[in-house]
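This is structure36.cif (mmCIF, C-alpha atoms).
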```cif
data_my_file
#
loop_
_atom_site.group_PDB
_atom_site.id
_atom_site.type_symbol
_atom_site.label_atom_id
_atom_site.label_comp_id
_atom_site.auth_asym_id
_atom_site.auth_seq_id
_atom_site.Cartn_x
_atom_site.Cartn_y
_atom_site.Cartn_z
ATOM 1 C CA MET A 1 -103.216 33.590 -32.849
ATOM 2 C CA ASP A 2 -106.124 32.045 -31.169
ATOM 3 C CA GLU A 3 -106.100 32.825 -27.441
ATOM 4 C CA SER A 4 -106.667 29.258 -26.348
ATOM 5 C CA ARG A 5 -103.797 28.084 -28.467
ATOM 6 C CA ARG A 6 -101.554 30.854 -27.087
ATOM 7 C CA ARG A 7 -102.333 29.855 -23.498
ATOM 8 C CA ALA A 8 -101.591 26.234 -24.312
ATOM 9 C CA TYR A 9 -98.220 27.228 -25.731
ATOM 10 C CA LEU A 10 -97.499 29.395 -22.713
ATOM 11 C CA ARG A 11 -98.410 26.608 -20.282
ATOM 12 C CA ALA A 12 -96.282 24.166 -22.229
ATOM 13 C CA MET A 13 -93.424 26.628 -21.900
ATOM 14 C CA GLY A 14 -94.076 27.020 -18.170
ATOM 15 C CA ILE A 15 -95.335 30.643 -18.436
ATOM 16 C CA ASP A 16 -98.345 31.503 -16.347
ATOM 17 C CA LEU A 17 -98.249 35.281 -16.844
ATOM 18 C CA TRP A 18 -98.280 37.046 -20.166
ATOM 19 C CA VAL A 19 -98.260 40.823 -20.399
ATOM 20 C CA PRO A 20 -98.736 42.443 -23.792
ATOM 21 C CA ARG A 21 -96.456 45.312 -24.809
ATOM 22 C CA GLY A 22 -99.075 47.873 -24.222
ATOM 23 C CA GLY A 23 -99.260 47.152 -20.514
ATOM 24 C CA ALA A 24 -100.895 44.700 -18.235
ATOM 25 C CA ALA A 25 -104.467 43.706 -18.957
ATOM 26 C CA ALA A 26 -106.783 41.077 -17.637
ATOM 27 C CA GLY A 27 -107.586 38.330 -20.062
ATOM 28 C CA ASP A 28 -110.855 36.678 -20.531
ATOM 29 C CA ASN A 29 -109.784 33.911 -18.253
ATOM 30 C CA GLY A 30 -108.818 36.353 -15.513
ATOM 31 C CA LEU A 31 -105.075 35.805 -16.070
ATOM 32 C CA LEU A 32 -102.731 38.628 -16.625
ATOM 33 C CA THR A 33 -101.263 38.649 -20.094
ATOM 34 C CA THR A 34 -98.394 40.618 -21.503
ATOM 35 C CA ALA A 35 -97.581 41.684 -24.967
ATOM 36 C CA SER A 36 -93.982 40.574 -24.590
ATOM 37 C CA ALA A 37 -92.315 38.831 -21.610
ATOM 38 C CA PRO A 38 -89.798 40.990 -19.859
ATOM 39 C CA ALA A 39 -86.262 39.901 -20.471
ATOM 40 C CA GLU A 40 -84.775 37.864 -17.650
ATOM 41 C CA PRO A 41 -82.063 39.630 -15.708
ATOM 42 C CA PRO A 42 -78.650 38.539 -16.839
ATOM 43 C CA ARG A 43 -77.190 35.780 -14.764
ATOM 44 C CA PRO A 44 -73.711 36.252 -13.370
ATOM 45 C CA PRO A 45 -71.074 34.253 -15.215
ATOM 46 C CA PRO A 46 -70.092 31.081 -13.479
ATOM 47 C CA ALA A 47 -67.182 31.470 -11.139
ATOM 48 C CA ALA A 48 -63.912 30.216 -12.459
ATOM 49 C CA PRO A 49 -62.792 27.007 -10.714
ATOM 50 C CA ALA A 50 -60.128 27.453 -8.017
ATOM 51 C CA LEU A 51 -56.659 26.682 -9.258
ATOM 52 C CA ALA A 52 -54.921 23.714 -7.648
ATOM 53 C CA PRO A 53 -51.564 24.410 -5.977
ATOM 54 C CA PRO A 54 -48.636 23.918 -8.318
ATOM 55 C CA VAL A 55 -47.148 20.434 -8.269
ATOM 56 C CA ALA A 56 -43.432 20.250 -7.403
ATOM 57 C CA LEU A 57 -41.693 18.609 -10.266
ATOM 58 C CA PRO A 58 -38.707 16.342 -9.617
ATOM 59 C CA PRO A 59 -35.323 17.838 -10.430
ATOM 60 C CA GLU A 60 -33.971 17.028 -13.769
ATOM 61 C CA PRO A 61 -31.392 14.229 -13.721
ATOM 62 C CA PRO A 62 -27.785 15.209 -14.372
ATOM 63 C CA PRO A 63 -26.723 14.924 -17.948
ATOM 64 C CA GLU A 64 -25.278 11.617 -19.033
ATOM 65 C CA PRO A 65 -21.468 11.549 -19.086
ATOM 66 C CA GLN A 66 -19.924 11.975 -22.438
ATOM 67 C CA SER A 67 -18.070 9.109 -24.005
ATOM 68 C CA ASP A 68 -14.728 10.824 -23.471
ATOM 69 C CA SER A 69 -15.404 11.521 -19.780
ATOM 70 C CA ARG A 70 -13.216 9.943 -17.095
ATOM 71 C CA TRP A 71 -16.213 9.249 -14.826
ATOM 72 C CA GLU A 72 -16.822 5.615 -14.131
ATOM 73 C CA PRO A 73 -19.793 4.149 -12.253
ATOM 74 C CA VAL A 74 -18.938 2.876 -8.795
ATOM 75 C CA TRP A 75 -20.719 -0.211 -7.517
ATOM 76 C CA GLU A 76 -21.189 -0.503 -3.797
ATOM 77 C CA PRO A 77 -22.310 -3.809 -2.305
ATOM 78 C CA ASP A 78 -24.576 -1.958 0.131
ATOM 79 C CA TRP A 79 -26.786 -1.030 -2.772
ATOM 80 C CA GLU A 80 -27.659 -4.621 -3.494
ATOM 81 C CA PRO A 81 -31.196 -5.561 -2.433
ATOM 82 C CA ALA A 82 -31.418 -7.796 0.574
ATOM 83 C CA PRO A 83 -32.462 -11.345 -0.259
ATOM 84 C CA ALA A 84 -35.980 -12.327 0.646
ATOM 85 C CA SER A 85 -36.378 -14.298 3.832
ATOM 86 C CA HIS A 86 -38.297 -16.984 2.008
ATOM 87 C CA THR A 87 -35.595 -17.702 -0.549
ATOM 88 C CA ALA A 88 -35.559 -21.368 -1.360
ATOM 89 C CA PRO A 89 -32.413 -23.346 -0.444
ATOM 90 C CA VAL A 90 -29.858 -23.864 -3.145
ATOM 91 C CA PRO A 91 -30.125 -27.401 -4.540
ATOM 92 C CA ALA A 92 -27.148 -29.664 -4.079
ATOM 93 C CA ASP A 93 -26.405 -29.845 -7.795
ATOM 94 C CA ALA A 94 -26.182 -26.031 -7.973
ATOM 95 C CA ARG A 95 -23.671 -25.633 -5.151
ATOM 96 C CA PRO A 96 -20.044 -24.791 -5.946
ATOM 97 C CA PRO A 97 -17.859 -27.834 -6.535
ATOM 98 C CA LEU A 98 -15.487 -29.160 -3.941
ATOM 99 C CA ALA A 99 -11.738 -28.648 -4.004
ATOM 100 C CA PRO A 100 -9.823 -30.527 -6.724
ATOM 101 C CA SER A 101 -8.966 -33.233 -4.221
ATOM 102 C CA GLY A 102 -12.660 -33.899 -3.691
ATOM 103 C CA ARG A 103 -12.510 -32.762 -0.048
ATOM 104 C CA GLN A 104 -13.134 -29.496 1.648
ATOM 105 C CA PRO A 105 -9.948 -27.849 3.019
ATOM 106 C CA ARG A 106 -9.306 -28.726 6.623
ATOM 107 C CA PRO A 107 -9.265 -25.967 9.224
ATOM 108 C CA GLY A 108 -5.905 -24.838 10.538
ATOM 109 C CA PRO A 109 -4.415 -26.411 13.652
ATOM 110 C CA THR A 110 -5.825 -25.227 16.926
ATOM 111 C CA PRO A 111 -3.462 -23.984 19.621
ATOM 112 C CA PRO A 112 -2.471 -26.723 22.040
ATOM 113 C CA ALA A 113 -4.328 -26.810 25.290
ATOM 114 C CA VAL A 114 -2.145 -25.586 28.112
ATOM 115 C CA ALA A 115 -2.240 -27.633 31.258
ATOM 116 C CA THR A 116 -2.592 -26.289 34.755
ATOM 117 C CA LEU A 117 0.290 -24.610 36.500
ATOM 118 C CA PRO A 118 3.108 -26.890 37.638
ATOM 119 C CA PRO A 119 2.892 -28.308 41.151
ATOM 120 C CA ASP A 120 4.762 -26.626 43.953
ATOM 121 C CA PRO A 121 8.198 -28.289 43.947
ATOM 122 C CA THR A 122 8.942 -27.290 47.514
ATOM 123 C CA GLY A 123 9.971 -30.413 49.443
ATOM 124 C CA MET A 124 10.643 -32.528 46.329
ATOM 125 C CA ASP A 125 13.816 -34.607 46.237
ATOM 126 C CA TRP A 126 16.044 -34.828 43.177
ATOM 127 C CA ASP A 127 14.296 -37.764 41.558
ATOM 128 C CA THR A 128 10.795 -36.400 42.098
ATOM 129 C CA LEU A 129 11.850 -32.981 40.840
ATOM 130 C CA ALA A 130 13.493 -34.441 37.720
ATOM 131 C CA ALA A 131 10.432 -36.556 36.942
ATOM 132 C CA THR A 132 8.118 -33.571 37.432
ATOM 133 C CA VAL A 133 10.163 -31.442 35.045
ATOM 134 C CA ALA A 134 10.281 -34.244 32.451
ATOM 135 C CA GLY A 135 6.471 -34.447 32.394
ATOM 136 C CA CYS A 136 5.789 -30.720 32.694
ATOM 137 C CA ARG A 137 3.166 -29.321 30.302
ATOM 138 C CA ALA A 138 2.572 -25.995 31.969
ATOM 139 C CA CYS A 139 3.258 -23.926 28.815
ATOM 140 C CA ALA A 140 3.267 -24.314 25.042
ATOM 141 C CA LEU A 141 6.991 -25.156 24.933
ATOM 142 C CA CYS A 142 6.048 -28.738 25.727
ATOM 143 C CA GLU A 143 4.623 -29.008 22.196
ATOM 144 C CA THR A 144 7.854 -28.044 20.426
ATOM 145 C CA ARG A 145 10.581 -29.517 22.615
ATOM 146 C CA THR A 146 12.389 -32.778 21.933
ATOM 147 C CA GLN A 147 12.945 -33.323 25.635
ATOM 148 C CA THR A 148 13.382 -31.288 28.774
ATOM 149 C CA VAL A 149 16.849 -30.163 29.894
ATOM 150 C CA PHE A 150 16.885 -30.576 33.649
ATOM 151 C CA GLY A 151 20.498 -30.038 34.691
ATOM 152 C CA VAL A 152 23.767 -31.885 35.046
ATOM 153 C CA GLY A 153 26.757 -32.112 37.358
ATOM 154 C CA ASP A 154 27.582 -32.512 41.017
ATOM 155 C CA ARG A 155 24.402 -32.145 43.070
ATOM 156 C CA GLN A 156 26.487 -30.998 46.037
ATOM 157 C CA ALA A 157 28.796 -28.699 44.082
ATOM 158 C CA ARG A 158 30.319 -25.539 45.519
ATOM 159 C CA LEU A 159 29.525 -23.670 42.281
ATOM 160 C CA LEU A 160 26.182 -23.492 40.491
ATOM 161 C CA VAL A 161 26.270 -22.202 36.907
ATOM 162 C CA ILE A 162 22.935 -20.885 35.598
ATOM 163 C CA GLY A 163 22.413 -20.167 31.918
ATOM 164 C CA GLU A 164 19.432 -18.913 29.924
ATOM 165 C CA ALA A 165 17.623 -21.658 28.007
ATOM 166 C CA PRO A 166 18.461 -24.797 26.010
ATOM 167 C CA GLY A 167 19.530 -24.431 22.392
ATOM 168 C CA ALA A 168 19.161 -26.888 19.541
ATOM 169 C CA ASP A 169 22.090 -29.043 20.686
ATOM 170 C CA GLU A 170 20.845 -29.113 24.278
ATOM 171 C CA ASP A 171 17.300 -29.950 23.141
ATOM 172 C CA ARG A 172 18.630 -33.028 21.312
ATOM 173 C CA ALA A 173 21.027 -34.133 24.053
ATOM 174 C CA GLY A 174 18.882 -33.284 27.090
ATOM 175 C CA GLU A 175 21.917 -31.658 28.762
ATOM 176 C CA PRO A 176 22.816 -27.963 29.130
ATOM 177 C CA PHE A 177 25.849 -26.383 27.447
ATOM 178 C CA VAL A 178 26.883 -29.157 25.037
ATOM 179 C CA GLY A 179 27.520 -27.151 21.855
ATOM 180 C CA ARG A 180 30.309 -24.721 21.041
ATOM 181 C CA ALA A 181 29.221 -22.452 23.886
ATOM 182 C CA GLY A 182 29.402 -25.466 26.219
ATOM 183 C CA GLN A 183 32.913 -26.253 25.096
ATOM 184 C CA LEU A 184 33.993 -22.692 25.833
ATOM 185 C CA LEU A 185 32.336 -22.868 29.242
ATOM 186 C CA ASN A 186 34.329 -26.008 30.006
ATOM 187 C CA ARG A 187 37.555 -24.144 29.168
ATOM 188 C CA MET A 188 36.517 -21.183 31.313
ATOM 189 C CA LEU A 189 35.918 -23.473 34.285
ATOM 190 C CA ALA A 190 39.176 -25.309 33.674
ATOM 191 C CA ALA A 191 40.975 -21.946 33.743
ATOM 192 C CA ILE A 192 40.053 -21.591 37.432
ATOM 193 C CA GLY A 193 40.775 -25.214 38.254
ATOM 194 C CA LEU A 194 37.297 -26.728 37.966
ATOM 195 C CA ASP A 195 36.143 -29.642 35.850
ATOM 196 C CA ARG A 196 32.665 -29.743 34.398
ATOM 197 C CA ASP A 197 31.601 -32.600 36.643
ATOM 198 C CA GLN A 198 32.662 -30.605 39.735
ATOM 199 C CA VAL A 199 29.970 -27.947 39.236
ATOM 200 C CA TYR A 200 26.234 -28.111 38.710
ATOM 201 C CA ILE A 201 24.851 -26.525 35.524
ATOM 202 C CA ALA A 202 21.218 -25.569 34.970
ATOM 203 C CA ASN A 203 19.151 -23.093 32.969
ATOM 204 C CA ILE A 204 16.375 -20.599 33.642
ATOM 205 C CA LEU A 205 14.126 -22.565 31.251
ATOM 206 C CA LYS A 206 13.925 -26.343 31.040
ATOM 207 C CA CYS A 207 12.634 -26.398 27.430
ATOM 208 C CA ARG A 208 14.033 -24.841 24.285
ATOM 209 C CA PRO A 209 12.146 -21.827 22.904
ATOM 210 C CA PRO A 210 11.505 -22.227 19.151
ATOM 211 C CA GLY A 211 14.181 -20.565 17.061
ATOM 212 C CA ASN A 212 16.241 -19.860 20.180
ATOM 213 C CA ARG A 213 14.129 -16.783 20.876
ATOM 214 C CA ASP A 214 14.188 -15.078 24.260
ATOM 215 C CA PRO A 215 12.062 -16.747 26.943
ATOM 216 C CA ARG A 216 8.685 -15.175 27.548
ATOM 217 C CA PRO A 217 7.698 -13.955 31.017
ATOM 218 C CA ASP A 218 5.077 -16.664 31.490
ATOM 219 C CA GLU A 219 7.572 -19.368 30.501
ATOM 220 C CA VAL A 220 10.110 -18.022 32.986
ATOM 221 C CA GLU A 221 7.457 -17.953 35.680
ATOM 222 C CA HIS A 222 6.477 -21.580 35.101
ATOM 223 C CA CYS A 223 10.096 -22.710 35.493
ATOM 224 C CA ARG A 224 10.958 -20.431 38.391
ATOM 225 C CA GLY A 225 9.951 -22.921 41.064
ATOM 226 C CA TYR A 226 11.975 -25.727 39.478
ATOM 227 C CA LEU A 227 15.169 -23.653 39.493
ATOM 228 C CA ALA A 228 14.570 -22.411 43.030
ATOM 229 C CA ARG A 229 14.270 -25.999 44.215
ATOM 230 C CA GLN A 230 17.492 -26.952 42.419
ATOM 231 C CA VAL A 231 19.296 -24.089 44.168
ATOM 232 C CA ALA A 232 17.904 -25.215 47.512
ATOM 233 C CA LEU A 233 19.006 -28.804 46.910
ATOM 234 C CA VAL A 234 22.532 -27.933 45.702
ATOM 235 C CA ARG A 235 23.147 -25.263 48.368
ATOM 236 C CA PRO A 236 26.163 -23.868 46.498
ATOM 237 C CA ARG A 237 28.740 -21.517 47.950
ATOM 238 C CA ALA A 238 28.443 -19.275 44.889
ATOM 239 C CA ILE A 239 26.403 -18.845 41.728
ATOM 240 C CA LEU A 240 27.789 -17.863 38.328
ATOM 241 C CA SER A 241 25.061 -16.286 36.177
ATOM 242 C CA VAL A 242 25.967 -16.289 32.485
ATOM 243 C CA GLY A 243 24.101 -14.123 30.007
ATOM 244 C CA ARG A 244 21.488 -11.391 30.032
ATOM 245 C CA ILE A 245 18.364 -13.524 30.522
ATOM 246 C CA SER A 246 19.907 -15.407 33.414
ATOM 247 C CA ALA A 247 21.184 -12.320 35.216
ATOM 248 C CA GLN A 248 18.074 -10.202 34.750
ATOM 249 C CA THR A 249 15.790 -13.053 35.830
ATOM 250 C CA LEU A 250 17.769 -13.984 38.921
ATOM 251 C CA LEU A 251 18.203 -10.367 40.021
ATOM 252 C CA GLY A 252 14.787 -9.099 38.931
ATOM 253 C CA THR A 253 16.138 -6.223 36.852
ATOM 254 C CA ASP A 254 16.487 -5.068 33.264
ATOM 255 C CA THR A 255 19.985 -3.660 33.717
ATOM 256 C CA PRO A 256 22.402 -4.724 30.942
ATOM 257 C CA VAL A 257 25.003 -7.381 31.689
ATOM 258 C CA GLY A 258 27.832 -4.890 31.166
ATOM 259 C CA ARG A 259 26.616 -2.932 34.190
ATOM 260 C CA LEU A 260 25.818 -5.981 36.316
ATOM 261 C CA ARG A 261 29.166 -7.746 35.971
ATOM 262 C CA GLY A 262 32.165 -6.802 38.104
ATOM 263 C CA ARG A 263 30.411 -6.942 41.481
ATOM 264 C CA TRP A 264 28.703 -9.338 43.863
ATOM 265 C CA PHE A 265 25.015 -9.784 44.589
ATOM 266 C CA ASP A 266 23.154 -11.784 47.223
ATOM 267 C CA TYR A 267 20.641 -14.275 45.826
ATOM 268 C CA GLY A 268 17.674 -15.813 47.600
ATOM 269 C CA PRO A 269 16.800 -16.129 51.279
ATOM 270 C CA ASP A 270 20.238 -17.626 52.009
ATOM 271 C CA ALA A 271 22.006 -14.631 50.396
ATOM 272 C CA ILE A 272 24.156 -16.849 48.167
ATOM 273 C CA PRO A 273 26.941 -14.811 46.535
ATOM 274 C CA LEU A 274 26.154 -14.338 42.841
ATOM 275 C CA ARG A 275 28.467 -13.135 40.102
ATOM 276 C CA VAL A 276 27.357 -12.084 36.599
ATOM 277 C CA THR A 277 29.424 -12.582 33.444
ATOM 278 C CA TYR A 278 28.961 -12.776 29.694
ATOM 279 C CA HIS A 279 27.410 -15.837 28.081
ATOM 280 C CA PRO A 280 29.937 -18.118 26.326
ATOM 281 C CA ALA A 281 27.930 -17.781 23.088
ATOM 282 C CA TYR A 282 28.357 -14.009 23.286
ATOM 283 C CA LEU A 283 32.098 -14.408 23.869
ATOM 284 C CA LEU A 284 32.309 -16.538 20.731
ATOM 285 C CA ARG A 285 30.821 -13.653 18.751
ATOM 286 C CA SER A 286 32.692 -10.923 20.635
ATOM 287 C CA PRO A 287 36.035 -12.356 21.792
ATOM 288 C CA GLU A 288 37.243 -8.878 22.815
ATOM 289 C CA TYR A 289 35.141 -9.271 25.997
ATOM 290 C CA LYS A 290 36.978 -12.407 27.127
ATOM 291 C CA GLY A 291 39.294 -10.262 29.251
ATOM 292 C CA LYS A 292 36.370 -8.954 31.308
ATOM 293 C CA ALA A 293 34.981 -12.468 31.615
ATOM 294 C CA TRP A 294 38.378 -13.573 32.943
ATOM 295 C CA GLU A 295 38.140 -10.878 35.635
ATOM 296 C CA ASP A 296 34.782 -12.307 36.724
ATOM 297 C CA LEU A 297 36.192 -15.830 36.829
ATOM 298 C CA THR A 298 39.205 -14.895 38.949
ATOM 299 C CA ALA A 299 36.965 -13.060 41.412
ATOM 300 C CA LEU A 300 34.771 -16.162 41.572
ATOM 301 C CA ALA A 301 37.789 -18.393 42.182
ATOM 302 C CA LYS A 302 38.885 -16.233 45.091
ATOM 303 C CA ARG A 303 35.426 -16.396 46.566
ATOM 304 C CA LEU A 304 35.452 -20.177 46.327
ATOM 305 C CA GLY A 305 38.988 -20.385 47.760
ATOM 306 C CA ASP A 306 40.513 -21.587 44.496
ATOM 307 C CA ARG A 307 42.957 -19.259 42.801
ATOM 308 C CA ALA A 308 43.731 -19.414 39.141
ATOM 309 C CA ASP A 309 47.372 -19.695 38.064
#
```

Let's see the structure in the file written out as structure tokens.
Amino acid sequence: MDESRRRAYLRAMGIDLWVPRGGAAAGDNGLLTTASAPAEPPRPPPAAPALAPPVALPPEPPPEPQSDSRWEPVWEPDWEPAPASHTAPVPADARPPLAPSGRQPRPGPTPPAVATLPPDPTGMDWDTLAATVAGCRACALCETRTQTVFGVGDRQARLLVIGEAPGADEDRAGEPFVGRAGQLLNRMLAAIGLDRDQVYIANILKCRPPGNRDPRPDEVEHCRGYLARQVALVRPRAILSVGRISAQTLLGTDTPVGRLRGRWFDYGPDAIPLRVTYHPAYLLRSPEYKGKAWEDLTALAKRLGDRAD
């Protein structure tokens, strides 16, 4: 090959040095030529790319229950998505319809407002005391009563009979002991020589508890001053307490009537002699205790100076 053409090829290929196989020799142009270009040293193979860390795969879901399985999906309200805060209001025509009557149900009745505590009856005369009791609204019994039951009888009597609370008959009549129990009480008094109008009869409570239930402590407390003033105005020589509620309230104890009867107690600052006996209503249900009630009545008659025949 022509030398000039060879050099042009070599320059085009980017080779400036050509050494023939026989060894290095200077060309006519002063460049070293070679018979054959030495083989290039082998290049190292490219490094393998670094492996990325293994990706954690999610656990496989549990297998679907078979059709004959007893498993049933459970829906919990807490799983429901919370409504967006910008939810548009429900239009009026999409709201649930009203009740069949066309009106929304009315709310239930609210408890009656209880008035302030009753005024201090100390120093009241009979008329003022009776009027105060008639208008009393110190507890919720004022909402269910027909009328108050103040008391009846001789306001200067030697004997004061104190019962528990008005019943249905007393609530209608406004007078204590007017039903069957009242009729038996009249016979008990007559047995020791006393008429009904010769004694004064009152109750621990001045209003009937609904369903003839036992008086509640707050109800007893509201009426306590009224009864104390009645005792102070009558100034009896003795008190006959009939029934559990009456005896336990007057004596401030929870001892049963059967253990309280048969002896005397002193009541109040004037130490008025007090005798406990069974309530006439109880004697109607348990007439076998009438003998013990008769013992209480005869002891009361002796204390008053009147002996039974």

- [ ] Point out the residue among A:Trp264, A:Tyr226, A:Tyr278, A:Phe177 with the least atom-to-atom distance to A:Lys206, counting only C-alpha atoms.
- [x] A:Tyr226

- [ ] Have a look at A:Met188, A:Gly262, A:Cys207, A:Thr122 and name the one nearest to A:Glu143; count only C-alpha atoms.
- [x] A:Cys207

Open item on the list: Here is a test: counting all atoms listed in the file, which residue of A:Ala238, A:Val231, A:Ala247, A:Cys139 is nearest to A:Lys302?
Closed with: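 With all atoms listed in the file as the atom set, the closest residue is A:Ala238.
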
- [ ] For atom CA of A:Ala130 and atom CA of A:Leu227, quote the distance in Å rounded to one decimal.
- [x]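 Separation between atom CA of A:Ala130 and atom CA of A:Leu227: 11.1 Å.
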
Task: Nearest to A:Ala293 by atom-to-atom distance, counting all atoms listed in the file, from A:Ala191, A:Val133, A:Ala232, A:Cys223 - done: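 Checking each of A:Ala191, A:Val133, A:Ala232, A:Cys223 against A:Ala293, counting all atoms listed in the file, the winner is A:Ala191.
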
- [ ] Select, from A:Cys142, A:Leu250, A:Leu184, A:Val149, the residue with the minimum atom-to-atom distance to A:Lys290, counting all atoms listed in the file.
- [x] A:Leu184

TODO: Fewer than 4 positions away in the same chain doesn't count, so skip those; otherwise give me all residues within 12 Å of A:Leu300, counting all atoms listed in the file, as an NGL selection string.
DONE: :A and (158-161 or 188-189 or 191-194 or 237-241 or 261-264 or 273-277 or 293-296 or 304-308)

Task: Of the listed residues A:Asp254, A:Glu164, A:Asp171, A:Asp218, that which approaches A:His279 most closely, counting all atoms listed in the file - done: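 With all atoms listed in the file as the atom set, the closest residue is A:Glu164.
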
Open item on the list: Report, in Å to a single decimal, how far apart atom CA of A:Val220 and atom CA of A:Thr249 are.
Closed with: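 The value is 8.1 Å.
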
Open item on the list: Take the PyMOL selection byres ((chain A and resi 225) around 9), run it mentally on this structure, and tell me the resulting residues as a PyMOL selection string.
Closed with: chain A and resi 118-122+221-224+226-230

Residues of the last selection are to be written out with C-alpha atoms, as a PDB file, keeping the file's coordinate frame.
```pdb
ATOM      1  CA  PRO A 118       3.108 -26.890  37.638  1.00  0.00           C
ATOM      2  CA  PRO A 119       2.892 -28.308  41.151  1.00  0.00           C
ATOM      3  CA  ASP A 120       4.762 -26.626  43.953  1.00  0.00           C
ATOM      4  CA  PRO A 121       8.198 -28.289  43.947  1.00  0.00           C
ATOM      5  CA  THR A 122       8.942 -27.290  47.514  1.00  0.00           C
ATOM      6  CA  GLU A 221       7.457 -17.953  35.680  1.00  0.00           C
ATOM      7  CA  HIS A 222       6.477 -21.580  35.101  1.00  0.00           C
ATOM      8  CA  CYS A 223      10.096 -22.710  35.493  1.00  0.00           C
ATOM      9  CA  ARG A 224      10.958 -20.431  38.391  1.00  0.00           C
ATOM     10  CA  TYR A 226      11.975 -25.727  39.478  1.00  0.00           C
ATOM     11  CA  LEU A 227      15.169 -23.653  39.493  1.00  0.00           C
ATOM     12  CA  ALA A 228      14.570 -22.411  43.030  1.00  0.00           C
ATOM     13  CA  ARG A 229      14.270 -25.999  44.215  1.00  0.00           C
ATOM     14  CA  GLN A 230      17.492 -26.952  42.419  1.00  0.00           C
TER      15      GLN A 230
END
```

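Separating atom CA of A:Ile201 from atom CA of A:Gly151 is a distance of 5.7 Å.
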
- [ ] Name all residues at most 12 Å from A:Ala181 (count all atoms listed in the file; drop same-chain ones fewer than 5 positions away) and give them as a PyMOL selection string.
- [x] chain A and resi 163+166-170+176+186-188+242-243+278-285
